[in-house]
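Novice: The structure file run.pdb (PDB, C-alpha atoms, pLDDT in the B column) is provided below.
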```
ATOM      1  CA  MET A   1      -9.937 -11.387  15.923  1.00 58.00           C
ATOM      2  CA  ARG A   2      -9.796 -13.321  12.688  1.00 84.00           C
ATOM      3  CA  VAL A   3      -6.585 -14.385  11.000  1.00 91.00           C
ATOM      4  CA  LEU A   4      -7.746 -14.308   7.352  1.00 92.00           C
ATOM      5  CA  PRO A   5      -7.279 -10.545   6.735  1.00 91.00           C
ATOM      6  CA  PHE A   6      -3.742 -10.740   8.113  1.00 93.00           C
ATOM      7  CA  LEU A   7      -2.961 -13.693   5.859  1.00 95.00           C
ATOM      8  CA  VAL A   8      -4.385 -11.827   2.866  1.00 95.00           C
ATOM      9  CA  ALA A   9      -2.275  -8.774   3.692  1.00 95.00           C
ATOM     10  CA  GLY A  10       0.825 -10.958   3.964  1.00 96.00           C
ATOM     11  CA  TRP A  11       0.031 -12.696   0.667  1.00 97.00           C
ATOM     12  CA  ILE A  12      -0.454  -9.374  -1.155  1.00 96.00           C
ATOM     13  CA  PHE A  13       2.832  -8.122   0.295  1.00 97.00           C
ATOM     14  CA  LEU A  14       4.694 -11.255  -0.790  1.00 97.00           C
ATOM     15  CA  VAL A  15       3.253 -11.058  -4.312  1.00 97.00           C
ATOM     16  CA  GLY A  16       4.405  -7.447  -4.587  1.00 96.00           C
ATOM     17  CA  VAL A  17       7.891  -8.208  -3.260  1.00 97.00           C
ATOM     18  CA  TYR A  18       8.212 -11.214  -5.593  1.00 97.00           C
ATOM     19  CA  GLY A  19       7.275  -8.993  -8.522  1.00 96.00           C
ATOM     20  CA  MET A  20       9.877  -6.408  -7.502  1.00 94.00           C
ATOM     21  CA  VAL A  21      12.620  -9.014  -7.155  1.00 94.00           C
ATOM     22  CA  THR A  22      11.909 -10.706 -10.481  1.00 93.00           C
ATOM     23  CA  SER A  23      11.185  -7.534 -12.438  1.00 90.00           C
ATOM     24  CA  ARG A  24      13.153  -6.765 -15.595  1.00 89.00           C
ATOM     25  CA  ASN A  25      11.608  -3.325 -15.994  1.00 90.00           C
ATOM     26  CA  VAL A  26      11.664  -0.278 -13.726  1.00 91.00           C
ATOM     27  CA  ILE A  27       8.017   0.559 -14.466  1.00 93.00           C
ATOM     28  CA  HIS A  28       6.979  -2.983 -13.551  1.00 94.00           C
ATOM     29  CA  ALA A  29       8.974  -2.755 -10.315  1.00 94.00           C
ATOM     30  CA  ILE A  30       7.198   0.484  -9.412  1.00 95.00           C
ATOM     31  CA  GLY A  31       3.819  -1.178 -10.023  1.00 95.00           C
ATOM     32  CA  CYS A  32       4.846  -4.109  -7.844  1.00 96.00           C
ATOM     33  CA  LEU A  33       5.922  -1.685  -5.123  1.00 95.00           C
ATOM     34  CA  ALA A  34       2.451  -0.140  -5.257  1.00 95.00           C
ATOM     35  CA  VAL A  35       0.921  -3.616  -4.890  1.00 95.00           C
ATOM     36  CA  ALA A  36       3.171  -4.397  -1.915  1.00 95.00           C
ATOM     37  CA  GLN A  37       2.257  -1.093  -0.337  1.00 94.00           C
ATOM     38  CA  SER A  38      -1.446  -1.769  -0.823  1.00 93.00           C
ATOM     39  CA  SER A  39      -1.114  -4.674   1.585  1.00 95.00           C
ATOM     40  CA  THR A  40      -0.846  -2.091   4.345  1.00 93.00           C
ATOM     41  CA  TYR A  41      -4.384  -0.927   3.491  1.00 91.00           C
ATOM     42  CA  VAL A  42      -5.685  -4.428   4.142  1.00 92.00           C
ATOM     43  CA  LEU A  43      -3.624  -4.663   7.313  1.00 92.00           C
ATOM     44  CA  LEU A  44      -4.977  -1.376   8.653  1.00 91.00           C
ATOM     45  CA  LEU A  45      -8.530  -2.409   7.803  1.00 87.00           C
ATOM     46  CA  ALA A  46      -7.998  -5.680   9.654  1.00 88.00           C
ATOM     47  CA  VAL A  47      -6.636  -3.904  12.720  1.00 87.00           C
ATOM     48  CA  GLY A  48      -9.404  -1.292  12.849  1.00 84.00           C
ATOM     49  CA  TYR A  49     -12.380  -3.506  12.020  1.00 80.00           C
ATOM     50  CA  ARG A  50     -14.932  -4.132  14.756  1.00 80.00           C
ATOM     51  CA  ARG A  51     -17.984  -6.273  14.132  1.00 82.00           C
ATOM     52  CA  ALA A  52     -21.315  -4.437  14.504  1.00 80.00           C
ATOM     53  CA  ALA A  53     -19.615  -1.093  15.154  1.00 79.00           C
ATOM     54  CA  THR A  54     -20.736   2.303  13.894  1.00 75.00           C
ATOM     55  CA  ALA A  55     -18.886   5.364  12.716  1.00 74.00           C
ATOM     56  CA  PRO A  56     -17.397   7.368  15.593  1.00 73.00           C
ATOM     57  CA  TYR A  57     -18.623  10.800  14.543  1.00 72.00           C
ATOM     58  CA  PHE A  58     -22.323  10.478  15.337  1.00 65.00           C
ATOM     59  CA  THR A  59     -23.348  12.569  18.347  1.00 67.00           C
ATOM     60  CA  ASP A  60     -26.699  10.915  18.950  1.00 72.00           C
ATOM     61  CA  THR A  61     -25.303   7.431  19.680  1.00 71.00           C
ATOM     62  CA  PRO A  62     -25.542   6.062  23.216  1.00 75.00           C
ATOM     63  CA  MET A  63     -22.416   6.039  25.385  1.00 77.00           C
ATOM     64  CA  ARG A  64     -21.807   2.261  25.310  1.00 78.00           C
ATOM     65  CA  THR A  65     -22.152   1.862  21.540  1.00 78.00           C
ATOM     66  CA  ARG A  66     -19.249   0.113  19.823  1.00 80.00           C
ATOM     67  CA  VAL A  67     -17.477   2.396  17.375  1.00 79.00           C
ATOM     68  CA  VAL A  68     -14.679   1.915  14.889  1.00 81.00           C
ATOM     69  CA  ASP A  69     -11.291   3.386  15.825  1.00 81.00           C
ATOM     70  CA  PRO A  70     -10.930   6.724  13.962  1.00 81.00           C
ATOM     71  CA  VAL A  71      -7.123   6.706  14.281  1.00 87.00           C
ATOM     72  CA  VAL A  72      -6.883   3.624  12.065  1.00 87.00           C
ATOM     73  CA  GLN A  73      -9.131   5.307   9.510  1.00 85.00           C
ATOM     74  CA  ALA A  74      -6.893   8.373   9.496  1.00 89.00           C
ATOM     75  CA  LEU A  75      -3.802   6.182   9.110  1.00 91.00           C
ATOM     76  CA  ALA A  76      -5.364   4.353   6.159  1.00 91.00           C
ATOM     77  CA  LEU A  77      -6.202   7.643   4.455  1.00 92.00           C
ATOM     78  CA  THR A  78      -2.675   8.917   5.071  1.00 94.00           C
ATOM     79  CA  ASP A  79      -1.291   5.659   3.702  1.00 93.00           C
ATOM     80  CA  VAL A  80      -3.270   6.071   0.484  1.00 94.00           C
ATOM     81  CA  VAL A  81      -2.001   9.621  -0.005  1.00 96.00           C
ATOM     82  CA  VAL A  82       1.620   8.710   0.720  1.00 95.00           C
ATOM     83  CA  GLY A  83       1.412   5.672  -1.574  1.00 94.00           C
ATOM     84  CA  ALA A  84       0.062   7.735  -4.460  1.00 95.00           C
ATOM     85  CA  THR A  85       2.743  10.376  -3.945  1.00 96.00           C
ATOM     86  CA  VAL A  86       5.599   7.877  -3.825  1.00 96.00           C
ATOM     87  CA  THR A  87       4.310   6.084  -6.922  1.00 96.00           C
ATOM     88  CA  ALA A  88       4.006   9.348  -8.843  1.00 97.00           C
ATOM     89  CA  LEU A  89       7.512  10.423  -7.828  1.00 97.00           C
ATOM     90  CA  LEU A  90       9.035   7.087  -8.817  1.00 95.00           C
ATOM     91  CA  LEU A  91       7.236   7.126 -12.170  1.00 95.00           C
ATOM     92  CA  ALA A  92       8.543  10.640 -12.851  1.00 96.00           C
ATOM     93  CA  LEU A  93      12.081   9.458 -12.040  1.00 93.00           C
ATOM     94  CA  ALA A  94      11.621   6.443 -14.330  1.00 92.00           C
ATOM     95  CA  MET A  95      10.562   8.777 -17.149  1.00 93.00           C
ATOM     96  CA  GLN A  96      13.724  10.829 -16.655  1.00 92.00           C
ATOM     97  CA  VAL A  97      15.862   7.679 -16.692  1.00 88.00           C
ATOM     98  CA  ARG A  98      14.159   6.614 -19.943  1.00 90.00           C
ATOM     99  CA  LYS A  99      14.827  10.034 -21.483  1.00 92.00           C
ATOM    100  CA  ARG A 100      18.506  10.114 -20.520  1.00 87.00           C
ATOM    101  CA  HIS A 101      19.507   6.484 -20.971  1.00 85.00           C
ATOM    102  CA  GLY A 102      16.959   5.197 -23.501  1.00 86.00           C
ATOM    103  CA  THR A 103      15.940   2.160 -21.465  1.00 86.00           C
ATOM    104  CA  VAL A 104      14.181   1.148 -18.279  1.00 85.00           C
ATOM    105  CA  ASP A 105      15.958  -2.221 -17.939  1.00 85.00           C
ATOM    106  CA  PRO A 106      17.944  -2.130 -14.676  1.00 81.00           C
ATOM    107  CA  ASP A 107      20.783  -4.258 -16.094  1.00 80.00           C
ATOM    108  CA  ALA A 108      21.212  -1.983 -19.127  1.00 81.00           C
ATOM    109  CA  LEU A 109      21.669   1.113 -16.973  1.00 78.00           C
ATOM    110  CA  THR A 110      25.449   0.797 -16.770  1.00 73.00           C
ATOM    111  CA  GLY A 111      25.956   4.535 -16.297  1.00 67.00           C
ATOM    112  CA  LEU A 112      24.294   4.348 -12.885  1.00 59.00           C
ATOM    113  CA  ARG A 113      26.692   1.811 -11.385  1.00 60.00           C
ATOM    114  CA  GLY A 114      29.012   3.022  -8.671  1.00 58.00           C
TER     115      GLY A 114
END
```
Is it possible to express this structure as structure tokens?

Specialist:
Amino acid sequence: MRVLPFLVAGWIFLVGVYGMVTSRNVIHAIGCLAVAQSSTYVLLLAVGYRRAATAPYFTDTPMRTRVVDPVVQALALTDVVVGATVTALLLALAMQVRKRHGTVDPDALTGLRG
């Protein structure tokens, strides 16, 4: 198993987390969260990849043929759907914050402090 895809997934995650930590805008932070979450796509692809393997749904393949794990493919698809849903929900909440408070700067949102 190669290490490069895991390093790439870690680098993408760190770039997204760095963007979230240094963000001065809620919309930018949401975009950085989407970038950090996209590192899980790369991680799942790295886990499920098999060299010279075929798709697992063919019925005419011989018994000892190497196939790709279909569970990892289903997890990646689920991850994409969940990521899109979370991003859409957070963007809708950011729009409501902009409507009510007039800004998306986290430091200017004094009415939200506890």

Novice: What lies within 8 Å of stretch 39-54 of chain A using all atoms listed in the file, ignoring chain neighbours under 5 positions off, as an NGL selection string?

Specialist: :A and (5-6 or 8-10 or 12-13 or 65-69 or 72-73 or 75-76 or 79-80)

Novice: So how many Å separate atom CA of A:Tyr57 and atom CA of A:Val71, to one decimal?

Specialist: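 Here the two named atoms are 12.2 Å from each other.
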
Novice: Residues within 10 Å of (5.7, 6.2, -9.3), file coordinates, counting only C-alpha atoms: what are they? Give the list as a compact mmCIF listing (two decimals) with C-alpha atoms, in the coordinates of the input.

Specialist:
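After the write, point-v1.txt holds the following:
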```txt
# COMPACT_ATOMS: atom_id res chain seq x y z
CA VAL A 26 11.66 -0.28 -13.73
CA ILE A 27 8.02 0.56 -14.47
CA ALA A 29 8.97 -2.76 -10.32
CA ILE A 30 7.20 0.48 -9.41
CA GLY A 31 3.82 -1.18 -10.02
CA LEU A 33 5.92 -1.68 -5.12
CA ALA A 34 2.45 -0.14 -5.26
CA GLY A 83 1.41 5.67 -1.57
CA ALA A 84 0.06 7.74 -4.46
CA THR A 85 2.74 10.38 -3.94
CA VAL A 86 5.60 7.88 -3.82
CA THR A 87 4.31 6.08 -6.92
CA ALA A 88 4.01 9.35 -8.84
CA LEU A 89 7.51 10.42 -7.83
CA LEU A 90 9.04 7.09 -8.82
CA LEU A 91 7.24 7.13 -12.17
CA ALA A 92 8.54 10.64 -12.85
CA LEU A 93 12.08 9.46 -12.04
CA ALA A 94 11.62 6.44 -14.33
CA MET A 95 10.56 8.78 -17.15
```

Novice: Have a look at atom CA of A:Val35 and atom CA of A:Gly102 and let me know their distance in Å, one decimal.

Specialist: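 Separation of atom CA of A:Val35 and atom CA of A:Gly102: 26.1 Å.
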
Novice: Write out as a list of chain:residue names each polymer residue whose atoms come within 10 Å of A:Asp105, counting all atoms listed in the file; drop sequence neighbours fewer than 2 positions from it.

Specialist: A:Ser23, A:Arg24, A:Asn25, A:Val26, A:Ile27, A:Val97, A:Arg98, A:His101, A:Gly102, A:Thr103, A:Asp107, A:Ala108, A:Leu109

Novice: Taking C-alpha atoms for each residue, export the selection above as a CSV table (one decimal), in the coordinates of the input.

Specialist:
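Okay, out-v8.csv is ready:
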```csv
chain,number,residue,atom,x,y,z
A,23,SER,CA,11.2,-7.5,-12.4
A,24,ARG,CA,13.2,-6.8,-15.6
A,25,ASN,CA,11.6,-3.3,-16.0
A,26,VAL,CA,11.7,-0.3,-13.7
A,27,ILE,CA,8.0,0.6,-14.5
A,97,VAL,CA,15.9,7.7,-16.7
A,98,ARG,CA,14.2,6.6,-19.9
A,101,HIS,CA,19.5,6.5,-21.0
A,102,GLY,CA,17.0,5.2,-23.5
A,103,THR,CA,15.9,2.2,-21.5
A,107,ASP,CA,20.8,-4.3,-16.1
A,108,ALA,CA,21.2,-2.0,-19.1
A,109,LEU,CA,21.7,1.1,-17.0
```

Novice: Check the smallest atom-to-atom distance from each of A:Leu4, A:Thr110, A:Cys32, A:Arg100 to A:Val17 using all atoms listed in the file, then report the winner.

Specialist: A:Cys32

Novice: Enter the distance from atom CA of A:Val81 to atom CA of A:Gln37, in Å, rounded to one decimal.

Specialist: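 These atoms are spaced 11.5 Å apart.
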